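A.B. asks: A single structure is presented below for examination.
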Amino acid sequence: MPSSKLQSDSSPDTTSDNNYKLVVLISGSGKNLQAIIDNIEAGNIKASIAAVISNRADAYGLKRAEKSDIEAKVLDHTKYDSREAFDEELQSLIDSYSPDLIVLAGFMRILSDHFVEHFTGKMINIHPSLLPLYKGLHTHQRALADKQTEHGASVHFVIPELDAGKVIIQGIVDVKEDDDEESLANRVHQIEHQIYPHAVKILAEGQLEYNAGEVLYDNKPMLNPLKKQLI
Ligand code: NHR
Ligand code: GAR
C-alpha cells in the first residue's frame, strides 16, 4: 500500500461525524461566525457550515467564510420591493442547503412571521443583552443608562416575536464603574464568542433539542437557561 494512503488512513477523520449542517446568516463583521468556525476546525463542534449568507455585500464575515473555504452568498435586501419578497428568496436559498440549524450571527434584518414559522425550532440568534431585558437595538447604551451592575448576551430560539424565544444560554459580565458603551460591548463580545459555540455544540450533539414547542436538555425540559460568567 502506498505510504500516502497509510497516512490518510491514520489522520483524524474530520468529515464523517460533521454531518450536522449549519447555515449562518450575518450582516457585519462576523466575529461570532469566526468563533463557530474556530470551534469546528478545532474539533470541538461536530458540524459543518454549508453556507454563510449576508444581506450586505460589504460584510467582513463573507471574507472569513471564504478564508475557510465556506460558500459565501449575498442577498441584498435593498434589491427587493418588500420584506416578504426578500424573506421568500432567503427562505428558498436556505432550503437549498437543507440545514439542520440556521444561526443568526449579527444578522440585522427582522424576519417575517411566515419565514420564522417555516424554520420553527431550527433557528437561533445571539442577542447582546440578558433577555428578557433590552430587546431590540442599542442594548449596551440602555444597560448603562439604567446603571445595571450586570449585562451580557443571550442565545435564544427565534420565534416571530422579536428576541422573545426560549433562551438557551446566557453569558454574564459585570458592568464596571468606568465602562462606556465600547468597553462594555467589548466584554459582552468576549462572552458571546464562548456561549454561541457552546450552544451550537450541544444542539449538534443532540444534548439540546427543540421538540413540539418544548426545549429539552439531556432529555428533560429545560427550566432555566445555562449560564456562564466572564472570568
Ligand atoms: N426576526 C424575528 N422574527 N424574531 C427575532 O427574534 C429576530 C428576527 C430577526 C433578527 C436578531 C435581532 C437581535 O438580536 C433577530 C431576531 C435586527 C433588528 C432591527 O430592528 C432587531 C433585532 C434583531 C436584529 N433591524 C432593523 C430592521 O428594520 C434594521 C436595522 C439595521 O439594518 O441596522 O429590520 O436583536
Ligand atoms: C454581536 O454583538 C451580536 O450580539 C449583535 O451584533 C454583533 C455581531 O457581531 N447582534 C445584534 O445586535 C442583533 N440585533 P459579529 O458580526 O462580529 O458577530
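Residue numbering restarts at 1 in every chain; chains get A, B, ... in the order shown in the C-alpha cells, and ligands count up from 1 in that same order.
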If we count only C-alpha atoms and set the cut-off at 10 Å, which residues sit around Val200 in chain A, ignoring sequence neighbours fewer than 5 positions away in its own chain? Please answer as a PyMOL selection string.
C.D. replies: chain A and resi 22+36+39-40+45-47+101-103+124+155+195+205-206+208
A.B. asks: Would you save the residues of that selection, restricted to N, CA and C atoms, as an mmCIF file, in the first residue's frame?
C.D. replies:
data_model
loop_
_atom_site.group_PDB
_atom_site.id
_atom_site.type_symbol
_atom_site.label_atom_id
_atom_site.label_comp_id
_atom_site.auth_asym_id
_atom_site.auth_seq_id
_atom_site.Cartn_x
_atom_site.Cartn_y
_atom_site.Cartn_z
ATOM 1 N N LEU A 22 -24.988 23.496 9.173
ATOM 2 C CA LEU A 22 -25.382 24.847 9.591
ATOM 3 C C LEU A 22 -25.440 25.770 8.387
ATOM 4 N N ILE A 36 -17.407 30.275 15.792
ATOM 5 C CA ILE A 36 -18.005 28.972 15.455
ATOM 6 C C ILE A 36 -17.086 28.203 14.493
ATOM 7 N N ASN A 39 -14.191 26.762 16.419
ATOM 8 C CA ASN A 39 -14.572 25.602 17.235
ATOM 9 C C ASN A 39 -14.825 24.362 16.386
ATOM 10 N N ILE A 40 -15.312 24.559 15.157
ATOM 11 C CA ILE A 40 -15.479 23.417 14.246
ATOM 12 C C ILE A 40 -14.092 22.908 13.843
ATOM 13 N N ILE A 45 -16.841 21.419 17.877
ATOM 14 C CA ILE A 45 -18.238 21.327 17.415
ATOM 15 C C ILE A 45 -18.257 20.347 16.246
ATOM 16 N N LYS A 46 -19.096 19.310 16.353
ATOM 17 C CA LYS A 46 -19.190 18.333 15.261
ATOM 18 C C LYS A 46 -20.282 18.770 14.302
ATOM 19 N N ALA A 47 -19.919 19.679 13.407
ATOM 20 C CA ALA A 47 -20.871 20.217 12.434
ATOM 21 C C ALA A 47 -20.069 20.779 11.276
ATOM 22 N N LEU A 101 -29.663 23.487 11.179
ATOM 23 C CA LEU A 101 -29.746 24.650 12.075
ATOM 24 C C LEU A 101 -29.375 25.920 11.315
ATOM 25 N N ILE A 102 -30.158 26.977 11.559
ATOM 26 C CA ILE A 102 -29.843 28.290 10.990
ATOM 27 C C ILE A 102 -29.381 29.178 12.137
ATOM 28 N N VAL A 103 -28.202 29.748 11.971
ATOM 29 C CA VAL A 103 -27.565 30.506 13.043
ATOM 30 C C VAL A 103 -27.530 31.984 12.649
ATOM 31 N N ILE A 124 -31.544 29.867 15.611
ATOM 32 C CA ILE A 124 -31.140 30.506 16.866
ATOM 33 C C ILE A 124 -30.482 31.852 16.572
ATOM 34 N N VAL A 155 -28.364 33.529 23.986
ATOM 35 C CA VAL A 155 -28.648 32.756 22.768
ATOM 36 C C VAL A 155 -30.059 32.200 22.926
ATOM 37 N N ILE A 195 -20.208 31.572 24.472
ATOM 38 C CA ILE A 195 -21.525 30.915 24.626
ATOM 39 C C ILE A 195 -22.141 30.493 23.298
ATOM 40 N N GLU A 205 -24.815 17.989 19.005
ATOM 41 C CA GLU A 205 -24.667 16.694 19.674
ATOM 42 C C GLU A 205 -25.997 16.086 20.083
ATOM 43 N N GLY A 206 -27.072 16.875 19.986
ATOM 44 C CA GLY A 206 -28.389 16.372 20.381
ATOM 45 C C GLY A 206 -28.632 16.447 21.877
ATOM 46 N N LEU A 208 -29.167 19.188 23.392
ATOM 47 C CA LEU A 208 -30.256 20.161 23.450
ATOM 48 C C LEU A 208 -31.154 19.931 22.243
#
A.B. asks: Given a cut-off of 7 Å, what residues near ligand 2 show up using only C-alpha atoms and all ligand atoms, put as a ChimeraX atom specification?
C.D. replies: /A:26-33,61,105-108,126-128,136-137,153,189,192
A.B. asks: Considering only C-alpha atoms, can you say which of A:Val74, A:Ile168, A:Glu150, A:Ala35 comes closest to Tyr210 in chain A?
C.D. replies: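 Of A:Val74, A:Ile168, A:Glu150, A:Ala35, the one nearest Tyr210 in chain A is A:Ile168, counting only C-alpha atoms.
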A.B. asks: Hey, what does DSSP flag as strand (DSSP E) within range 179-223 of chain A? Can you give it to me as a PyMOL selection string?
C.D. replies: chain A and resi 208-211+214-217+220-221
A.B. asks: I'd like to know which of A:Ile231, A:Leu90, A:Leu184, A:Leu104 is closest to ligand 1, using only C-alpha atoms and all ligand atoms.
C.D. replies: A:Leu104
A.B. asks: Please report the interatomic distance between CA of Pro197 in chain A and CA of Ile49 in chain A in Å with one decimal.
C.D. replies: 12.7 Å
A.B. asks: Given only C-alpha atoms and all ligand atoms as the basis, pick out the residue of A:Lys220, A:Arg56, A:Lys63, A:Lys227 nearest to ligand 1.
C.D. replies: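 Under the stated criterion, the closest residue is A:Arg56.
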A.B. asks: Can you pull out every residue from range 139-197 of chain A that DSSP, working from the backbone, puts in alpha helix (DSSP H), and format the result as a PyMOL selection string?
C.D. replies: chain A and resi 139-145+181-197
A.B. asks: Considering only C-alpha atoms, can you say which of A:Glu181, A:Asp95, A:Glu209, A:Asp38 comes closest to Lys166 in chain A?
C.D. replies: A:Glu209
A.B. asks: Using only C-alpha atoms, which residues sit within 7 Å of Ser154 in chain A once same-chain residues fewer than 6 positions away are excluded, as a PyMOL selection string?
C.D. replies: chain A and resi 126-131+167+169-171
A.B. asks: What would the file look like if the residues just selected were written as a tab-separated table (two decimals), in the first residue's frame with C-alpha atoms?
C.D. replies:
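The resulting file, again-v4.tsv, is shown below:
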chain	number	residue	atom	x	y	z
A	126	ILE	CA	-27.42	35.75	19.76
A	127	HIS	CA	-28.71	38.94	21.28
A	128	PRO	CA	-26.47	41.33	23.23
A	129	SER	CA	-28.44	41.57	26.48
A	130	LEU	CA	-29.63	39.44	29.37
A	131	LEU	CA	-33.08	38.73	27.92
A	167	VAL	CA	-33.28	31.33	25.96
A	169	ILE	CA	-27.64	30.09	27.40
A	170	GLN	CA	-26.68	33.47	28.85
A	171	GLY	CA	-23.23	34.95	29.25
